[in-house]
$ cat upload_23.txt   # compact mmCIF, C-alpha atoms
# COMPACT_ATOMS: atom_id res chain seq x y z
CA MET S 1 -24.26 -16.50 -9.96
CA SER S 2 -26.21 -16.48 -13.20
CA ASN S 3 -28.02 -19.68 -12.13
CA ASN S 4 -29.12 -18.17 -8.82
CA LYS S 5 -31.45 -15.35 -7.96
CA THR S 6 -31.14 -12.06 -9.76
CA ALA S 7 -27.99 -10.35 -8.55
CA LEU S 8 -28.54 -7.54 -6.07
CA LYS S 9 -26.00 -4.87 -6.94
CA VAL S 10 -24.91 -2.61 -4.09
CA SER S 11 -22.60 0.35 -3.71
CA ASP S 12 -21.25 2.26 -0.72
CA LYS S 13 -24.13 4.72 -1.06
CA SER S 14 -26.83 2.03 -1.15
CA ILE S 15 -25.19 0.25 1.80
CA GLU S 16 -25.23 3.48 3.83
CA GLU S 17 -28.91 3.94 2.94
CA GLY S 18 -29.62 0.31 3.86
CA ILE S 19 -28.00 0.74 7.28
CA ALA S 20 -29.95 3.97 7.88
CA GLN S 21 -33.21 2.21 6.95
CA GLY S 22 -32.43 -0.82 9.13
CA ASN S 23 -32.10 -3.25 6.20
CA PHE S 24 -28.36 -3.75 6.69
CA LYS S 25 -26.24 -3.75 9.82
CA GLU S 26 -22.54 -3.52 10.59
CA ASP S 27 -21.32 -6.66 12.36
CA GLY S 28 -17.62 -6.33 13.15
CA ILE S 29 -15.86 -6.32 9.79
CA LEU S 30 -19.04 -7.42 7.97
CA ILE S 31 -22.09 -5.69 6.56
CA ARG S 32 -25.05 -8.09 6.79
CA ASP S 33 -28.58 -8.23 5.45
CA VAL S 34 -30.77 -7.99 8.57
CA SER S 35 -33.51 -10.18 7.05
CA ASN S 36 -31.38 -13.27 6.45
CA GLY S 37 -27.95 -12.58 7.94
CA GLN S 38 -26.22 -12.87 4.57
CA VAL S 39 -22.95 -11.00 4.09
CA VAL S 40 -23.29 -7.97 1.83
CA LYS S 41 -19.75 -6.60 2.13
CA VAL S 42 -16.52 -7.36 4.00
CA LEU S 43 -14.91 -4.23 5.42
CA LYS S 44 -11.19 -4.25 4.74
CA GLN S 45 -8.17 -2.15 5.69
CA LYS S 46 -9.43 1.18 6.98
CA GLU S 47 -6.21 3.23 6.91
CA GLU S 48 -6.71 6.20 4.63
CA SER S 49 -4.89 5.69 1.36
CA LEU S 50 -2.16 8.12 0.44
CA ASN S 51 -3.18 7.77 -3.21
CA HIS S 52 -6.98 7.31 -3.13
CA ILE S 53 -6.66 3.53 -3.54
CA PRO S 54 -9.86 1.87 -2.25
CA SER S 55 -9.51 -0.95 0.25
CA THR S 56 -11.83 -3.08 -1.90
CA PHE S 57 -13.02 -2.92 -5.49
CA ILE S 58 -15.55 -5.67 -6.10
CA GLN S 59 -17.00 -8.42 -3.88
CA VAL S 60 -19.51 -11.21 -4.46
CA HIS S 61 -21.42 -12.67 -1.50
CA HIS S 62 -24.40 -14.97 -2.11
CA ASN S 63 -26.54 -12.95 -4.54
CA TYR S 64 -25.02 -9.60 -3.56
CA ILE S 65 -22.45 -7.92 -5.80
CA TYR S 66 -20.65 -4.93 -4.33
CA GLN S 67 -18.53 -2.66 -6.51
CA ALA S 68 -16.81 0.54 -5.45
CA ASP S 69 -17.67 3.66 -7.41
CA LEU S 70 -14.31 4.39 -9.02
CA SER S 71 -15.34 7.58 -10.80
CA PRO S 72 -14.52 9.95 -7.92
CA ILE S 73 -11.29 8.04 -7.27
CA LEU S 74 -10.11 8.31 -10.87
CA GLU S 75 -11.25 11.91 -10.99
CA ALA S 76 -9.20 12.72 -7.88
CA ILE S 77 -6.17 11.02 -9.40
CA SER S 78 -6.55 12.80 -12.75
CA HIS S 79 -6.67 16.19 -11.01
CA GLU S 80 -3.60 15.61 -8.83
CA ARG S 81 -1.02 17.58 -10.77
CA GLU S 82 0.86 19.20 -7.91
CA SER S 83 3.21 16.31 -7.12
CA SER S 84 6.91 16.71 -7.86
CA LEU S 85 8.34 13.90 -9.98
CA TYR S 86 11.65 13.14 -11.60
CA ASN S 87 11.89 15.30 -14.71
CA GLU S 88 12.13 12.36 -17.14
CA LEU S 89 8.90 10.87 -15.76
CA GLU S 90 6.82 14.04 -15.43
CA GLU S 91 5.69 14.35 -19.05
CA GLN S 92 4.68 10.69 -19.24
CA TYR S 93 2.76 10.86 -15.98
CA ASN S 94 0.88 13.98 -17.05
CA LEU S 95 -0.24 12.06 -20.13
CA VAL S 96 -1.78 9.40 -17.86
CA LEU S 97 -3.64 12.13 -15.96
CA ASP S 98 -4.87 13.67 -19.22
CA TYR S 99 -6.25 10.33 -20.45
CA LEU S 100 -7.91 9.66 -17.08
CA ASP S 101 -9.48 13.11 -17.12
CA SER S 102 -10.75 12.54 -20.66
CA PHE S 103 -12.21 9.16 -19.71
CA ASN S 104 -14.01 10.63 -16.70
CA THR S 105 -15.43 13.39 -18.87
CA TYR S 106 -16.48 11.45 -21.98
CA ASP S 107 -16.57 7.80 -20.78
CA THR S 108 -14.40 6.80 -23.75
CA GLY S 109 -10.70 6.25 -24.30
CA ILE S 110 -10.02 3.77 -21.51
CA GLU S 111 -7.83 1.83 -23.96
CA LYS S 112 -5.48 4.85 -24.05
CA VAL S 113 -5.23 4.81 -20.25
CA HIS S 114 -4.40 1.11 -20.39
CA GLN S 115 -1.75 1.50 -23.07
CA ILE S 116 0.05 4.47 -21.55
CA CYS S 117 0.11 2.87 -18.07
CA LEU S 118 1.60 -0.29 -19.54
CA GLU S 119 4.25 1.65 -21.46
CA ILE S 120 5.46 4.05 -18.79
CA SER S 121 5.40 1.56 -15.94
CA VAL S 122 8.73 0.27 -17.25
CA SER S 123 10.30 3.73 -16.92
CA PHE S 124 8.92 4.22 -13.42
CA ASP S 125 10.00 0.77 -12.24
CA ASN S 126 13.57 1.17 -13.51
CA LYS S 127 14.00 4.72 -12.23
CA ILE S 128 12.60 3.99 -8.77
CA ARG S 129 14.73 0.84 -8.32
CA ARG S 130 17.89 2.75 -9.31
CA GLU S 131 17.09 5.58 -6.90
CA ILE S 132 16.41 3.17 -4.02
CA GLU S 133 19.67 1.31 -4.62
CA ALA S 134 21.60 4.60 -4.64
CA LEU S 135 19.92 6.13 -1.57
CA ASP S 136 22.22 6.55 1.43
CA ILE S 137 20.28 6.33 4.70
CA ASP S 138 23.00 8.31 6.52
CA GLU S 139 22.57 11.21 4.08
CA LEU S 140 18.77 11.45 4.25
CA GLU S 141 18.81 14.71 6.20
CA LYS S 142 20.80 16.38 3.43
CA ILE S 143 18.61 15.09 0.58
CA ASP S 144 15.54 16.71 -0.97
CA THR S 145 13.27 13.67 -1.07
CA GLU S 146 10.26 15.41 -2.62
CA ARG S 147 10.74 14.14 -6.18
CA PHE S 148 11.49 10.62 -4.97
CA VAL S 149 8.33 10.47 -2.84
CA GLY S 150 6.27 12.07 -5.62
CA SER S 151 7.43 9.42 -8.08
CA LEU S 152 6.52 6.60 -5.67
CA ASN S 153 3.00 8.00 -5.26
CA ALA S 154 2.62 8.50 -9.00
CA TYR S 155 3.63 4.89 -9.67
CA VAL S 156 0.99 3.61 -7.24
CA LYS S 157 -1.64 5.55 -9.18
CA ILE S 158 -0.32 4.21 -12.50
CA LEU S 159 -0.56 0.60 -11.31
CA PHE S 160 -4.08 1.18 -9.98
CA SER S 161 -5.15 2.78 -13.27
CA TYR S 162 -3.67 -0.19 -15.14
CA ILE S 163 -5.72 -2.64 -13.05
CA VAL S 164 -8.94 -0.69 -13.56
CA SER S 165 -8.43 -0.15 -17.29
CA THR S 166 -7.48 -3.80 -17.84
CA TYR S 167 -10.58 -4.92 -15.95
CA ILE S 168 -12.82 -2.68 -18.05
CA LEU S 169 -11.25 -3.78 -21.35
CA HIS S 170 -10.51 -7.45 -20.74
CA ARG S 171 -12.38 -8.61 -17.64
CA ASP S 172 -12.69 -12.25 -18.71
CA LYS S 173 -8.97 -12.46 -19.49
CA PHE S 174 -7.66 -10.53 -16.51
CA SER S 175 -6.78 -13.69 -14.57
CA LYS S 176 -4.16 -14.47 -17.24
CA ASP S 177 -2.47 -11.08 -16.88
CA LYS S 178 1.00 -11.73 -15.45
CA VAL S 179 2.23 -8.19 -16.10
CA ILE S 180 0.48 -6.43 -13.24
CA ILE S 181 1.36 -8.86 -10.46
CA SER S 182 4.99 -8.91 -11.59
CA LYS S 183 5.15 -5.10 -11.48
CA ILE S 184 3.39 -4.90 -8.11
CA LEU S 185 5.73 -7.46 -6.51
CA SER S 186 8.83 -5.80 -7.99
CA PHE S 187 7.71 -2.42 -6.67
CA GLU S 188 6.84 -3.88 -3.27
CA GLY S 189 10.22 -5.59 -2.95
CA ALA S 190 12.15 -2.41 -3.73
CA VAL S 191 10.10 -0.22 -1.38
CA ARG S 192 10.17 -2.77 1.45
CA SER S 193 13.96 -3.15 1.27
CA LEU S 194 14.37 0.61 1.70
CA TYR S 195 11.68 0.82 4.38
CA GLU S 196 13.41 -1.79 6.54
CA GLN S 197 16.76 -0.01 6.33
CA VAL S 198 15.16 3.33 7.20
CA LEU S 199 13.65 1.75 10.32
CA ALA S 200 16.86 -0.01 11.35
CA LYS S 201 19.92 -0.64 9.22
CA SER S 202 20.85 -4.30 9.01
CA SER S 203 23.15 -6.64 7.11
CA LYS S 204 23.23 -10.35 6.45
CA GLN S 205 26.17 -12.28 7.84
CA LYS S 206 26.99 -15.95 8.27
CA ASN S 207 26.86 -17.41 11.76
CA LYS S 208 29.15 -20.19 13.03
CA ASP S 209 26.93 -22.77 11.28
CA GLY S 210 27.27 -21.00 7.94
CA GLU S 211 23.66 -19.75 7.97
CA LEU S 212 22.84 -16.24 6.79
CA ILE S 213 21.32 -14.21 9.62
CA ASN S 214 20.24 -10.58 9.98
CA ILE S 215 22.57 -8.47 12.10
CA ILE S 216 20.58 -5.48 13.42
CA PRO S 217 22.65 -3.36 15.83
CA MET S 218 19.66 -1.01 16.42
CA GLU S 219 22.10 1.87 16.91
CA GLU S 220 20.52 5.09 15.67
CA SER S 221 17.38 3.21 14.62
CA LEU S 222 13.81 4.43 14.54
CA TYR S 223 12.86 1.38 16.59
CA SER S 224 15.03 2.78 19.40
CA MET S 225 13.20 6.07 19.13
CA TYR S 226 9.74 4.48 19.26
CA LEU S 227 10.73 2.51 22.35
CA PHE S 228 12.67 5.15 24.31
CA ASP S 229 11.89 8.64 22.96
CA ASP S 230 8.75 10.18 24.47
CA ASN S 231 8.06 12.13 21.27
CA TYR S 232 7.33 8.87 19.46
CA ASP S 233 4.13 6.93 20.11
CA LEU S 234 4.82 3.32 21.09
CA HIS S 235 1.31 2.38 19.96
CA ASP S 236 2.40 3.02 16.34
CA LEU S 237 4.89 0.17 16.56
CA ASP S 238 2.37 -2.51 15.51
CA ARG S 239 1.65 -0.72 12.25
CA LEU S 240 5.34 -0.08 11.55
CA VAL S 241 6.40 -3.68 12.12
CA SER S 242 3.61 -5.12 9.95
CA TYR S 243 5.66 -4.39 6.80
CA ASP S 244 9.10 -5.30 8.17
CA SER S 245 9.94 -8.86 7.13
CA ARG S 246 12.57 -9.14 9.88
CA PHE S 247 9.93 -9.15 12.63
CA SER S 248 6.50 -10.76 12.83
CA THR S 249 5.10 -8.58 15.61
CA SER S 250 5.99 -5.53 17.66
CA LEU S 251 6.56 -7.90 20.58
CA GLN S 252 9.40 -9.48 18.62
CA VAL S 253 11.07 -6.07 18.35
CA ILE S 254 10.82 -5.58 22.10
CA ASN S 255 12.13 -9.11 22.65
CA PHE S 256 15.07 -8.31 20.36
CA PHE S 257 16.07 -5.45 22.67
CA LYS S 258 15.62 -7.64 25.73
CA LYS S 259 17.65 -10.49 24.28
CA HIS S 260 20.51 -8.58 22.67
CA LEU S 261 20.77 -5.24 24.48
CA LYS S 262 20.28 -6.22 28.09
CA ASN S 263 22.80 -4.99 30.68
CA GLY S 264 24.24 -2.48 28.23
CA SER S 265 25.98 -4.75 25.75
CA PHE S 266 25.07 -6.67 22.58
CA GLN S 267 24.93 -10.43 23.19
CA GLY S 268 25.32 -11.42 19.55
CA GLU S 269 28.36 -12.64 17.63
CA GLY S 270 31.07 -10.01 17.40
CA TYR S 271 29.78 -8.11 20.44
CA GLY S 272 30.98 -8.29 24.00
CA TYR S 273 28.64 -9.08 26.91
CA ARG S 274 29.22 -7.83 30.44
CA ASP S 275 27.12 -9.59 33.09
CA ASN S 276 26.10 -7.44 36.04
CA ASP S 277 24.20 -9.00 38.92
CA ASP S 278 23.61 -5.68 40.64
CA GLU S 279 21.79 -3.90 37.82
CA LEU S 280 19.51 -5.13 35.05
CA LYS S 281 18.78 -2.72 32.21
CA ILE S 282 18.36 -2.35 28.47
CA SER S 283 20.86 0.14 27.15
CA ILE S 284 21.79 1.29 23.66
CA ARG S 285 24.08 4.02 22.38
CA SER S 286 22.03 6.11 19.97
CA LYS S 287 21.80 9.67 18.74
CA ARG S 288 18.32 11.12 18.90
CA ILE S 289 16.41 11.07 15.61
CA SER S 290 13.95 13.94 15.54
CA LYS S 291 10.35 13.04 14.82
CA GLU S 292 10.48 15.82 12.19
CA SER S 293 13.58 14.35 10.55
CA ASN S 294 13.64 13.25 6.92
CA ARG S 295 14.29 9.73 8.14
CA ASN S 296 11.13 9.45 10.21
CA LYS S 297 9.07 11.21 7.55
CA MET S 298 10.45 8.85 4.92
CA ALA S 299 9.55 5.82 7.06
CA ILE S 300 5.94 7.01 7.39
CA VAL S 301 5.64 7.69 3.65
CA LEU S 302 7.12 4.29 2.74
CA LEU S 303 4.74 2.61 5.20
CA ARG S 304 1.74 4.26 3.55
CA ILE S 305 3.08 3.33 0.10
CA LEU S 306 3.37 -0.31 1.24
CA GLU S 307 -0.20 -0.17 2.57
CA ASP S 308 -1.36 1.08 -0.84
CA ILE S 309 0.61 -1.67 -2.58
CA GLU S 310 -1.16 -4.21 -0.35
CA LYS S 311 -4.48 -2.74 -1.48
CA LEU S 312 -3.40 -3.09 -5.12
CA LYS S 313 -2.65 -6.77 -4.52
CA GLU S 314 -6.04 -7.32 -2.88
CA ILE S 315 -7.90 -5.51 -5.67
CA ARG S 316 -6.07 -7.57 -8.26
CA GLU S 317 -7.06 -10.76 -6.38
CA GLU S 318 -10.70 -9.63 -6.25
CA VAL S 319 -10.80 -9.14 -10.02
CA VAL S 320 -9.03 -12.44 -10.72
CA SER S 321 -11.58 -14.29 -8.55
CA LEU S 322 -14.38 -13.09 -10.86
CA LYS S 323 -13.23 -15.16 -13.84
CA ASN S 324 -16.14 -17.59 -13.40
CA LEU S 325 -18.72 -14.86 -12.95
CA SER S 326 -20.82 -14.04 -16.00
CA ASN S 327 -20.61 -10.54 -17.45
CA GLU S 328 -24.30 -9.84 -16.97
CA ASP S 329 -23.95 -10.46 -13.23
CA VAL S 330 -21.26 -7.83 -12.77
CA LEU S 331 -22.14 -4.22 -12.13
CA GLN S 332 -21.08 -2.50 -15.33
CA ASN S 333 -18.29 -0.22 -14.29
CA PHE S 334 -19.40 3.34 -14.83
CA SER S 335 -22.85 2.90 -16.36
CA ALA S 336 -24.54 4.51 -13.38
CA THR S 337 -22.09 7.38 -13.50
CA SER S 338 -22.69 7.82 -17.20
CA ALA S 339 -26.43 7.96 -16.65
CA ASN S 340 -25.97 10.53 -13.90
CA LYS S 341 -23.81 12.66 -16.15
CA LYS S 342 -26.43 12.50 -18.88
CA ASN S 343 -29.23 13.42 -16.46
CA GLN S 344 -27.20 16.38 -15.18
CA SER S 345 -26.53 17.61 -18.70
CA ASP S 346 -30.22 17.26 -19.65
CA ALA S 347 -31.36 19.15 -16.53

$ encode --input "upload_23.txt" --output "structure tokens"
Amino acid sequence: MSNNKTALKVSDKSIEEGIAQGNFKEDGILIRDVSNGQVVKVLKQKEESLNHIPSTFIQVHHNYIYQADLSPILEAISHERESSLYNELEEQYNLVLDYLDSFNTYDTGIEKVHQICLEISVSFDNKIRREIEALDIDELEKIDTERFVGSLNAYVKILFSYIVSTYILHRDKFSKDKVIISKILSFEGAVRSLYEQVLAKSSKQKNKDGELINIIPMEESLYSMYLFDDNYDLHDLDRLVSYDSRFSTSLQVINFFKKHLKNGSFQGEGYGYRDNDDELKISIRSKRISKESNRNKMAIVLLRILEDIEKLKEIREEVVSLKNLSNEDVLQNFSATSANKKNQSDA
């Protein structure tokens, strides 16, 4: 980049202005420069983040460098103090929020944000994994899940703050950071394992060839509700399945019902199958799971957490890909914000 033209640094605000002025245009998932067709920004996942995590942080296309303005995001995180957390994590998390608030106010102390996020991530990771392992899906309706959900959301914010603070402090060395990707993948694995069981409980068993396969009865599953209960929207199935490793697409879920639950009986090992030439149907014995149940609410929250984790992975990849980009070519993180703060205070 440093050997090419002077870098053109763009933000969401300047892109919006460029589109309004006719200099940029939206072309599918791309923002292009009208004059030469060059890509200015790739639009990524549009689902609203549960935890203010941006879908993209920094992108380099030709001589354009896009960087999200993180100040309002960090400010929103630092002012979110209403979430319920496990008692042993609450004091540590509030310290993260205090350091973020101080950084947003004075533009100093990012090293404290980095250090505290690194330290308390161990506590969050261990506590969350233990809680997930102990959670009984059948008892969800009797459990107050508020502190559990609050702790998941808090941990997403901690990991995001760690990425941002590490980038600011050690941008050139970020690609060597193995801590963050290890923590993200560990968190993702724990959340995904719970998410899949909330959707449809399953177990691994050996088939006649000695291979481990997933046994998914689908009895009292949310998949049954989305397919057969009119209160659930079938169109949401694509989004739900996208984070279930047992199925590649929503069509695979439907095919599972067709293959194993046709004519009223399960056609898998250990299940009887009654052929009936006179009637063809898909039938499953299942109690209704209310759309307002803890189970369905938990599935939606876990889905949104997994979507935020995916954004964390993408942001981390974006930063790692900048290792060959010179410092002077990168939009300096909050310099524009700092200048704005100074101008406001002088006014």

$ residues_around --input "upload_23.txt" --residues "S:Arg239" --least-positions-apart "2" --cutoff "10 Å" --atoms "only C-alpha atoms" --output "count of residues only"
11

$ residues_near_point --input "upload_23.txt" --point "(15.3, 12.4, -1.2)" --cutoff "10 Å" --atoms "only C-alpha atoms" --output "number ranges by chain"
S: 131-132, 135-137, 139-149, 294-295, 298

$ residues_around --input "upload_23.txt" --residues "stretch 79-89 of chain S" --least-positions-apart "3" --cutoff "8 Å" --atoms "all atoms listed in the file" --output "MDAnalysis selection string"
chainID S and resid 75:76 92:94 97 101 123:124 146:151 154

$ residues_near_point --input "upload_23.txt" --point "(23.9, 3.5, 19.2)" --cutoff "9 Å" --atoms "only C-alpha atoms" --output "list in words"
Pro217, Met218, Glu219, Glu220, Ser221, Ser224, Ile284, Arg285, Ser286 and Lys287 of chain S

$ atom_distance --input "upload_23.txt" --atom1 "atom CA of S:Leu74" --atom2 "atom CA of S:Gln115"
16.3 Å

$ closest_residue --input "upload_23.txt" --among "S:Ile120, S:Ile315, S:Lys201, S:Tyr106" --to "S:Gln67" --atoms "all atoms listed in the file"
S:Ile315

$ closest_residue --input "upload_23.txt" --among "S:Phe174, S:Tyr99, S:Phe57, S:Tyr155" --to "S:Asp69" --atoms "all atoms listed in the file"
S:Phe57

$ residues_around --input "upload_23.txt" --residues "S:Asn153" --least-positions-apart "5" --cutoff "8 Å" --atoms "only C-alpha atoms" --output "count of residues only"
3

$ atom_distance --input "upload_23.txt" --atom1 "atom CA of S:Asn36" --atom2 "atom CA of S:Ala20"
17.4 Å

$ atom_distance --input "upload_23.txt" --atom1 "atom CA of S:Leu185" --atom2 "atom CA of S:Ile58"
21.4 Å

$ residues_around --input "upload_23.txt" --residues "S:Ile184" --least-positions-apart "6" --cutoff "10 Å" --atoms "all atoms listed in the file" --output "PDB file with C-alpha atoms, keeping the file's coordinate frame"
ATOM      1  CA  ASP S 125      10.000   0.770 -12.240  1.00  0.00           C
ATOM      2  CA  TYR S 155       3.630   4.890  -9.670  1.00  0.00           C
ATOM      3  CA  VAL S 156       0.990   3.610  -7.240  1.00  0.00           C
ATOM      4  CA  LEU S 159      -0.560   0.600 -11.310  1.00  0.00           C
ATOM      5  CA  PHE S 160      -4.080   1.180  -9.980  1.00  0.00           C
ATOM      6  CA  ILE S 309       0.610  -1.670  -2.580  1.00  0.00           C
ATOM      7  CA  GLU S 310      -1.160  -4.210  -0.350  1.00  0.00           C
ATOM      8  CA  LEU S 312      -3.400  -3.090  -5.120  1.00  0.00           C
ATOM      9  CA  LYS S 313      -2.650  -6.770  -4.520  1.00  0.00           C
ATOM     10  CA  ARG S 316      -6.070  -7.570  -8.260  1.00  0.00           C
TER      11      ARG S 316
END

$ closest_residue --input "upload_23.txt" --among "S:Ile216, S:Leu222, S:Ile19, S:Val42" --to "S:Tyr66" --atoms "only C-alpha atoms"
S:Val42

$ closest_residue --input "upload_23.txt" --among "S:His52, S:His61, S:Lys127, S:Lys25" --to "S:Val40" --atoms "all atoms listed in the file"
S:His61

$ closest_residue --input "upload_23.txt" --among "S:Ile73, S:Ile163, S:Leu261, S:Leu251" --to "S:Glu317" --atoms "only C-alpha atoms"
S:Ile163

$ closest_residue --input "upload_23.txt" --among "S:Ile65, S:Asp27, S:Ala200, S:Ile300" --to "S:Ser14" --atoms "all atoms listed in the file"
S:Ile65

$ residues_around --input "upload_23.txt" --residues "S:Lys176" --least-positions-apart "5" --cutoff "12 Å" --atoms "all atoms listed in the file" --output "PyMOL selection string"
chain S and resi 166-167+170-171+181+316-317+319-321+323

$ build_atoms --input "upload_23.txt" --residues "stretch 227-235 of chain S" --atoms "all heavy atoms" --output "compact mmCIF listing (two decimals), in the frame of the given file"
# COMPACT_ATOMS: atom_id res chain seq x y z
N LEU S 227 10.73 3.16 21.04
CA LEU S 227 10.73 2.51 22.35
C LEU S 227 11.14 3.45 23.48
O LEU S 227 10.60 3.36 24.59
CB LEU S 227 11.68 1.31 22.33
CG LEU S 227 11.16 0.06 21.62
CD1 LEU S 227 12.26 -1.00 21.54
CD2 LEU S 227 9.95 -0.52 22.32
N PHE S 228 12.07 4.39 23.21
CA PHE S 228 12.67 5.15 24.31
C PHE S 228 12.46 6.65 24.24
O PHE S 228 12.66 7.34 25.24
CB PHE S 228 14.17 4.85 24.39
CG PHE S 228 14.47 3.39 24.55
CD1 PHE S 228 15.24 2.71 23.60
CD2 PHE S 228 14.00 2.68 25.64
CE1 PHE S 228 15.52 1.36 23.74
CE2 PHE S 228 14.28 1.33 25.79
CZ PHE S 228 15.03 0.66 24.84
N ASP S 229 12.07 7.19 23.09
CA ASP S 229 11.89 8.64 22.96
C ASP S 229 10.41 8.98 23.19
O ASP S 229 9.54 8.47 22.48
CB ASP S 229 12.34 9.11 21.58
CG ASP S 229 12.44 10.62 21.47
OD1 ASP S 229 11.52 11.32 21.95
OD2 ASP S 229 13.41 11.12 20.88
N ASP S 230 10.14 9.85 24.12
CA ASP S 230 8.75 10.18 24.47
C ASP S 230 8.01 10.91 23.35
O ASP S 230 6.78 10.99 23.39
CB ASP S 230 8.72 11.04 25.74
CG ASP S 230 9.14 10.26 26.97
OD1 ASP S 230 9.08 9.02 26.92
OD2 ASP S 230 9.54 10.89 27.97
N ASN S 231 8.72 11.44 22.38
CA ASN S 231 8.06 12.13 21.27
C ASN S 231 7.47 11.16 20.26
O ASN S 231 6.68 11.57 19.40
CB ASN S 231 9.05 13.07 20.56
CG ASN S 231 9.46 14.23 21.44
OD1 ASN S 231 8.61 14.99 21.90
ND2 ASN S 231 10.75 14.37 21.69
N TYR S 232 7.86 9.90 20.35
CA TYR S 232 7.33 8.87 19.46
C TYR S 232 6.28 8.05 20.20
O TYR S 232 6.45 7.76 21.39
CB TYR S 232 8.45 7.94 18.98
CG TYR S 232 9.42 8.57 18.00
CD1 TYR S 232 10.41 9.44 18.44
CD2 TYR S 232 9.36 8.26 16.65
CE1 TYR S 232 11.31 10.01 17.55
CE2 TYR S 232 10.26 8.81 15.74
CZ TYR S 232 11.23 9.69 16.20
OH TYR S 232 12.11 10.24 15.32
N ASP S 233 5.23 7.68 19.49
CA ASP S 233 4.13 6.93 20.11
C ASP S 233 4.37 5.43 19.97
O ASP S 233 4.40 4.90 18.86
CB ASP S 233 2.80 7.31 19.45
CG ASP S 233 1.59 6.77 20.20
OD1 ASP S 233 1.77 5.87 21.04
OD2 ASP S 233 0.47 7.26 19.95
N LEU S 234 4.56 4.76 21.09
CA LEU S 234 4.82 3.32 21.09
C LEU S 234 3.68 2.54 20.45
O LEU S 234 3.89 1.46 19.88
CB LEU S 234 5.07 2.85 22.53
CG LEU S 234 5.46 1.38 22.72
CD1 LEU S 234 6.76 1.07 22.00
CD2 LEU S 234 5.59 1.07 24.21
N HIS S 235 2.47 3.08 20.53
CA HIS S 235 1.31 2.38 19.96
C HIS S 235 1.40 2.26 18.43
O HIS S 235 0.72 1.44 17.83
CB HIS S 235 0.01 3.10 20.34
CG HIS S 235 -0.30 3.01 21.81
ND1 HIS S 235 0.09 3.98 22.70
CD2 HIS S 235 -0.94 2.06 22.53
CE1 HIS S 235 -0.31 3.64 23.93
NE2 HIS S 235 -0.94 2.49 23.85
